[in-house]
Amino acid sequence: MSPLLTLVLLPLVAVECQYDRCGSLLSSEAGPGWQFYACQPQPTNMKEFMQIRVDPPGITCGNPPERFCTLENPYLCSDECDASSPDLAHPPQMMQDRERGGLITYWQTVTWSRYPQPLLANISLSWNKSLELVDDVIVTFEYGRPTIMVLEKSLDKGVTWQPYQYYADDCMEAFGMPAKQVRDLAPSNVTRVICTEQYSRWVGAKEEKNVVFEVRARFVVFAGPKLINMDALYTRMESMKGLREFFSFTNLRLRLLRPALGGTYVQRDNLQKYFYAISNIHIPARCKCNLHAAGCMLRDATLQCECDHNTSGQDCQRCSRGFKLRSWRPGSYLPTPTGTANTCEAAGNSGNCECNGHSNRCSFIDFINVVTCVSCKHNTRGHNCQYCRMGYYRNASAPLHDENVCIECNCDLKGSLNPRCDNNGFCQCKERTIGRRCDMCLPGYSRRGECVANLCNEEQLRCQNGGTCMNFQRCVCPERFTGPLCEQRICLREKDCASNSKDSNSAMSLCPFLLTLTLHLCTLPCLRVPPLW
């Protein structure tokens, strides 16, 4: 008779979807025991926890006080922004406050009084924590949406940035990209960065205020229009490279590049109607805890995952002390619907040698009285597997026990002196070769196995007289021209030679002409050949 199992769920959080619990207590004839699952915190509006910084200094209106107009009534300029008055100030905090009593509060910039200098503003949003988007990001603009802007994200707390989406009334003119919408994307390119014109054209401030980064529409590609088949989405997040990371971020940034115009051009006689104003930023997301936590708390003004599965760290990104028998791994969405915890295991009595999770074997070398790790994995080396093998360098963003702590140098064999690189991953390049991998050439050189000097290009060494530069190494000349840069003219008739000899700046021209079987050369600037007609 098979044992009777009963499942008791941990009451960690309210159950609304899968992966929101970390374990359950199993009861059987052999006694109670725990079974662990993947888990993640509940979503929330992250605007409550974000820190806002606005650049450049002085871009916020009110200091000095300034009057402004609206695009609907451009010559009724009765509104005023004054930083010294609580009723007339529009500081950045008004982008995240809770509006009560129907009163709309908003942050506002100075007007475009310095036109034609561009009116630029950056709004940086930081959490000092890895987060994951779960729905659409919505930015609400008052008095008109920008005609050009970019939404960017950072994965390393603002050190580097990458575009999330471009917005423009004319994508090709603004960014050199064709306009697209998320519904045009397919599963194979759902993480593509696009430019959309949907939220930038002037339709009147009262009719439409929102600029949207469409997360839900990208989910729909996998989960269906009603987001019922979420298992399909989570399965793709596990198997499709870059999908999970696409929805992850630590910081967001709005780059406002041109304000609403209310038309097709700037009216220079009334620049007080051009500015930016944002009343709300809606960011539905959850703490990213690598599927090792069902809760996320604010501690000392910093978001912190409530880690389970013997993990620790702000993002549960490492195994806790004493639980490093094997390398840390994030939890897995698979198999659905509860996933796999990938719990860190206790080290037990494996010895006192710390191999940083890259080996579970140690050896005592008696003549130097040292205990050393044996057979270091993951391209590591050293007594404690703390260094990278030759041809690899340390991944500064990964902890020492991470399986990906050592990254291959991948030096270009033709451009580098050897396969080794420095601690920052830069290979030692041959002469005239540059790049981290030594896979590029200095300006004026191009790759032909090694870097060789260009004989022609589209800049200083241009092919003349309509010639075409082929692979930077030779000019393909049109008929009746020759020379390295097609600078020499081939003359077939007396009058061509005469006219060519009058050019004071032209070089001696070579004029070959096959008259019989003998090629005659002349000492004049070109070969004079009697006409055949």
# chains A, B, ... in the order shown; residues from 1 in each chain; ligands from 1
$ residues_around --residues "A:Ile123" --least-positions-apart "2" --cutoff "7 Å" --atoms "only C-alpha atoms" --output "list of chain:residue names"
A:Ile52, A:Arg53, A:Val54, A:Asp55, A:Ala121, A:Leu125, A:Arg253, A:Leu254, A:Arg255
$ write_last_selection --atoms "C-alpha atoms" --output "compact mmCIF listing (two decimals), in the first residue's frame"
# COMPACT_ATOMS: atom_id res chain seq x y z
CA ILE A 52 14.31 60.57 -8.33
CA ARG A 53 17.10 62.71 -9.75
CA VAL A 54 16.52 65.36 -12.41
CA ASP A 55 19.25 66.75 -14.66
CA ALA A 121 15.94 66.87 -19.37
CA LEU A 125 14.83 56.60 -11.21
CA ARG A 253 15.91 56.86 -17.07
CA LEU A 254 13.71 59.12 -19.17
CA ARG A 255 15.63 61.26 -21.65
$ select_by_dssp --residues "stretch 128-293 of chain A" --states "alpha helix (DSSP H)" --output "number ranges by chain"
A: 171-175, 215-223, 230-239, 243-246
$ atom_distance --atom1 "atom CA of A:Gly467" --atom2 "atom CA of A:Phe481"
8.6 Å
$ residues_around --residues "A:Ile194" --least-positions-apart "5" --cutoff "9 Å" --atoms "only C-alpha atoms" --output "PyMOL selection string"
chain A and resi 164-167+177-182
$ closest_atom_pairs --of "stretch 124-230 of chain A" --to "stretch 40-48 of chain A" --cutoff "10 Å" --atoms "only C-alpha atoms" --output "Markdown table"
| residue | atom | partner | partner_atom | distance |
| --- | --- | --- | --- | --- |
| A:Leu125 | CA | A:Lys47 | CA | 8.8 |
| A:Ser126 | CA | A:Lys47 | CA | 9.8 |
| A:Trp127 | CA | A:Met46 | CA | 8.5 |
| A:Leu131 | CA | A:Met46 | CA | 9.0 |
| A:Glu132 | CA | A:Pro43 | CA | 8.9 |
| A:Leu133 | CA | A:Pro43 | CA | 8.5 |
| A:Val134 | CA | A:Pro43 | CA | 7.0 |
| A:Asp135 | CA | A:Pro43 | CA | 9.3 |
| A:Val137 | CA | A:Asn45 | CA | 9.9 |
$ write_last_selection --atoms "all heavy atoms" --output "mmCIF file, in the first residue's frame"
data_model
loop_
_atom_site.group_PDB
_atom_site.id
_atom_site.type_symbol
_atom_site.label_atom_id
_atom_site.label_comp_id
_atom_site.auth_asym_id
_atom_site.auth_seq_id
_atom_site.Cartn_x
_atom_site.Cartn_y
_atom_site.Cartn_z
ATOM 1 N N LEU A 125 15.579 57.272 -12.261
ATOM 2 C CA LEU A 125 14.825 56.595 -11.208
ATOM 3 C C LEU A 125 15.665 55.432 -10.702
ATOM 4 O O LEU A 125 16.065 54.567 -11.483
ATOM 5 C CB LEU A 125 13.484 56.079 -11.741
ATOM 6 C CG LEU A 125 12.665 57.077 -12.566
ATOM 7 C CD1 LEU A 125 11.435 56.399 -13.149
ATOM 8 C CD2 LEU A 125 12.265 58.279 -11.718
ATOM 9 N N SER A 126 15.968 55.409 -9.418
ATOM 10 C CA SER A 126 16.843 54.369 -8.873
ATOM 11 C C SER A 126 16.192 53.695 -7.680
ATOM 12 O O SER A 126 15.422 54.308 -6.933
ATOM 13 C CB SER A 126 18.205 54.959 -8.489
ATOM 14 O OG SER A 126 18.052 55.941 -7.484
ATOM 15 N N TRP A 127 16.540 52.407 -7.510
ATOM 16 C CA TRP A 127 16.037 51.614 -6.389
ATOM 17 C C TRP A 127 17.164 50.933 -5.616
ATOM 18 O O TRP A 127 16.910 50.328 -4.589
ATOM 19 C CB TRP A 127 15.059 50.550 -6.889
ATOM 20 C CG TRP A 127 13.762 51.102 -7.360
ATOM 21 C CD1 TRP A 127 12.608 51.252 -6.639
ATOM 22 C CD2 TRP A 127 13.455 51.588 -8.675
ATOM 23 N NE1 TRP A 127 11.606 51.805 -7.420
ATOM 24 C CE2 TRP A 127 12.098 52.014 -8.671
ATOM 25 C CE3 TRP A 127 14.175 51.714 -9.850
ATOM 26 C CZ2 TRP A 127 11.478 52.548 -9.800
ATOM 27 C CZ3 TRP A 127 13.559 52.245 -10.972
ATOM 28 C CH2 TRP A 127 12.223 52.654 -10.937
ATOM 29 N N LEU A 131 15.130 44.624 -10.046
ATOM 30 C CA LEU A 131 13.680 44.490 -10.121
ATOM 31 C C LEU A 131 13.309 43.827 -11.443
ATOM 32 O O LEU A 131 14.120 43.755 -12.371
ATOM 33 C CB LEU A 131 13.001 45.858 -10.025
ATOM 34 C CG LEU A 131 13.355 46.738 -8.820
ATOM 35 C CD1 LEU A 131 12.701 48.105 -8.956
ATOM 36 C CD2 LEU A 131 12.931 46.075 -7.521
ATOM 37 N N GLU A 132 12.055 43.355 -11.535
ATOM 38 C CA GLU A 132 11.536 42.752 -12.756
ATOM 39 C C GLU A 132 10.174 43.355 -13.069
ATOM 40 O O GLU A 132 9.283 43.387 -12.199
ATOM 41 C CB GLU A 132 11.396 41.236 -12.604
ATOM 42 C CG GLU A 132 12.706 40.505 -12.437
ATOM 43 C CD GLU A 132 12.518 39.011 -12.203
ATOM 44 O OE1 GLU A 132 11.713 38.645 -11.327
ATOM 45 O OE2 GLU A 132 13.170 38.220 -12.899
ATOM 46 N N LEU A 133 10.002 43.833 -14.294
ATOM 47 C CA LEU A 133 8.712 44.388 -14.707
ATOM 48 C C LEU A 133 7.670 43.290 -14.833
ATOM 49 O O LEU A 133 7.964 42.191 -15.312
ATOM 50 C CB LEU A 133 8.858 45.113 -16.044
ATOM 51 C CG LEU A 133 9.661 46.416 -16.035
ATOM 52 C CD1 LEU A 133 9.877 46.917 -17.448
ATOM 53 C CD2 LEU A 133 8.950 47.476 -15.203
ATOM 54 N N VAL A 134 6.438 43.607 -14.429
ATOM 55 C CA VAL A 134 5.339 42.645 -14.535
ATOM 56 C C VAL A 134 4.174 43.198 -15.343
ATOM 57 O O VAL A 134 3.223 42.473 -15.633
ATOM 58 C CB VAL A 134 4.842 42.206 -13.139
ATOM 59 C CG1 VAL A 134 5.951 41.504 -12.374
ATOM 60 C CG2 VAL A 134 4.315 43.404 -12.344
ATOM 61 N N ASP A 135 4.213 44.487 -15.713
ATOM 62 C CA ASP A 135 3.125 45.083 -16.492
ATOM 63 C C ASP A 135 3.662 46.374 -17.118
ATOM 64 O O ASP A 135 4.832 46.725 -16.971
ATOM 65 C CB ASP A 135 1.904 45.361 -15.616
ATOM 66 C CG ASP A 135 0.596 45.258 -16.404
ATOM 67 O OD1 ASP A 135 0.615 45.564 -17.615
ATOM 68 O OD2 ASP A 135 -0.432 44.877 -15.824
ATOM 69 N N VAL A 137 4.788 50.033 -18.066
ATOM 70 C CA VAL A 137 5.263 51.274 -17.451
ATOM 71 C C VAL A 137 4.506 52.428 -18.109
ATOM 72 O O VAL A 137 4.475 52.537 -19.332
ATOM 73 C CB VAL A 137 6.774 51.450 -17.661
ATOM 74 C CG1 VAL A 137 7.242 52.806 -17.128
ATOM 75 C CG2 VAL A 137 7.546 50.322 -16.991
#
$ residues_around --residues "A:Arg218" --least-positions-apart "3" --cutoff "8 Å" --atoms "only C-alpha atoms" --output "count of residues only"
7
$ residues_around --residues "A:Thr235" --least-positions-apart "6" --cutoff "8 Å" --atoms "only C-alpha atoms" --output "ChimeraX atom specification"
/A:333-334,336
$ select_by_dssp --residues "stretch 84-234 of chain A" --states "strand (DSSP E or B)" --output "PyMOL selection string"
chain A and resi 107-109+121-133+137-141+148-154+162-168+179+195-196+210-213
$ decode --residues "stretch 416-442 of chain A" --atoms "N, CA and C atoms" --output "mmCIF file, in the first residue's frame"
data_model
loop_
_atom_site.group_PDB
_atom_site.id
_atom_site.type_symbol
_atom_site.label_atom_id
_atom_site.label_comp_id
_atom_site.auth_asym_id
_atom_site.auth_seq_id
_atom_site.Cartn_x
_atom_site.Cartn_y
_atom_site.Cartn_z
ATOM 1 N N SER A 416 45.975 39.586 -31.847
ATOM 2 C CA SER A 416 46.589 39.650 -30.524
ATOM 3 C C SER A 416 47.916 38.903 -30.514
ATOM 4 N N LEU A 417 48.776 39.284 -29.577
ATOM 5 C CA LEU A 417 50.081 38.649 -29.467
ATOM 6 C C LEU A 417 50.005 37.282 -28.818
ATOM 7 N N ASN A 418 48.985 37.072 -27.970
ATOM 8 C CA ASN A 418 48.821 35.790 -27.289
ATOM 9 C C ASN A 418 47.374 35.684 -26.825
ATOM 10 N N PRO A 419 46.946 34.522 -26.358
ATOM 11 C CA PRO A 419 45.537 34.356 -25.951
ATOM 12 C C PRO A 419 45.214 34.883 -24.569
ATOM 13 N N ARG A 420 46.185 35.493 -23.872
ATOM 14 C CA ARG A 420 45.944 35.979 -22.518
ATOM 15 C C ARG A 420 45.417 37.409 -22.540
ATOM 16 N N CYS A 421 44.759 37.809 -21.464
ATOM 17 C CA CYS A 421 44.257 39.178 -21.324
ATOM 18 C C CYS A 421 44.523 39.657 -19.908
ATOM 19 N N ASP A 422 44.334 40.963 -19.668
ATOM 20 C CA ASP A 422 44.560 41.499 -18.328
ATOM 21 C C ASP A 422 43.320 41.299 -17.468
ATOM 22 N N ASN A 423 43.339 41.851 -16.261
ATOM 23 C CA ASN A 423 42.240 41.638 -15.317
ATOM 24 C C ASN A 423 40.930 42.259 -15.769
ATOM 25 N N ASN A 424 40.999 43.182 -16.736
ATOM 26 C CA ASN A 424 39.787 43.809 -17.257
ATOM 27 C C ASN A 424 39.330 43.193 -18.571
ATOM 28 N N GLY A 425 40.012 42.122 -19.004
ATOM 29 C CA GLY A 425 39.595 41.431 -20.217
ATOM 30 C C GLY A 425 40.197 41.973 -21.494
ATOM 31 N N PHE A 426 41.189 42.869 -21.410
ATOM 32 C CA PHE A 426 41.787 43.452 -22.608
ATOM 33 C C PHE A 426 42.991 42.616 -23.047
ATOM 34 N N CYS A 427 42.975 42.210 -24.301
ATOM 35 C CA CYS A 427 44.052 41.403 -24.863
ATOM 36 C C CYS A 427 45.225 42.304 -25.273
ATOM 37 N N GLN A 428 46.396 41.690 -25.439
ATOM 38 C CA GLN A 428 47.597 42.421 -25.845
ATOM 39 C C GLN A 428 47.652 42.442 -27.360
ATOM 40 N N CYS A 429 47.494 43.618 -27.955
ATOM 41 C CA CYS A 429 47.289 43.734 -29.394
ATOM 42 C C CYS A 429 48.595 43.895 -30.155
ATOM 43 N N LYS A 430 48.576 43.416 -31.393
ATOM 44 C CA LYS A 430 49.675 43.643 -32.312
ATOM 45 C C LYS A 430 49.653 45.097 -32.784
ATOM 46 N N GLU A 431 50.712 45.471 -33.499
ATOM 47 C CA GLU A 431 50.801 46.829 -34.026
ATOM 48 C C GLU A 431 49.639 47.105 -34.970
ATOM 49 N N ARG A 432 49.081 48.294 -34.866
ATOM 50 C CA ARG A 432 47.979 48.792 -35.703
ATOM 51 C C ARG A 432 46.638 48.136 -35.375
ATOM 52 N N THR A 433 46.583 47.316 -34.289
ATOM 53 C CA THR A 433 45.362 46.615 -33.918
ATOM 54 C C THR A 433 44.854 47.145 -32.590
ATOM 55 N N ILE A 434 43.542 47.317 -32.462
ATOM 56 C CA ILE A 434 42.932 47.845 -31.245
ATOM 57 C C ILE A 434 41.703 47.017 -30.895
ATOM 58 N N GLY A 435 41.028 47.385 -29.787
ATOM 59 C CA GLY A 435 39.820 46.702 -29.340
ATOM 60 C C GLY A 435 40.110 45.788 -28.164
ATOM 61 N N ARG A 436 39.088 45.515 -27.363
ATOM 62 C CA ARG A 436 39.273 44.624 -26.208
ATOM 63 C C ARG A 436 39.802 43.270 -26.634
ATOM 64 N N ARG A 437 39.305 42.761 -27.751
ATOM 65 C CA ARG A 437 39.729 41.461 -28.253
ATOM 66 C C ARG A 437 40.819 41.586 -29.322
ATOM 67 N N CYS A 438 41.268 42.806 -29.597
ATOM 68 C CA CYS A 438 42.231 43.057 -30.687
ATOM 69 C C CYS A 438 41.646 42.616 -32.026
ATOM 70 N N ASP A 439 40.390 42.895 -32.224
ATOM 71 C CA ASP A 439 39.713 42.469 -33.445
ATOM 72 C C ASP A 439 39.370 43.647 -34.356
ATOM 73 N N MET A 440 39.937 44.838 -34.079
ATOM 74 C CA MET A 440 39.696 46.010 -34.905
ATOM 75 C C MET A 440 41.026 46.662 -35.263
ATOM 76 N N CYS A 441 40.977 47.520 -36.274
ATOM 77 C CA CYS A 441 42.189 48.193 -36.748
ATOM 78 C C CYS A 441 42.132 49.678 -36.413
ATOM 79 N N LEU A 442 43.340 50.274 -36.317
ATOM 80 C CA LEU A 442 43.416 51.720 -36.164
ATOM 81 C C LEU A 442 42.787 52.412 -37.370
#
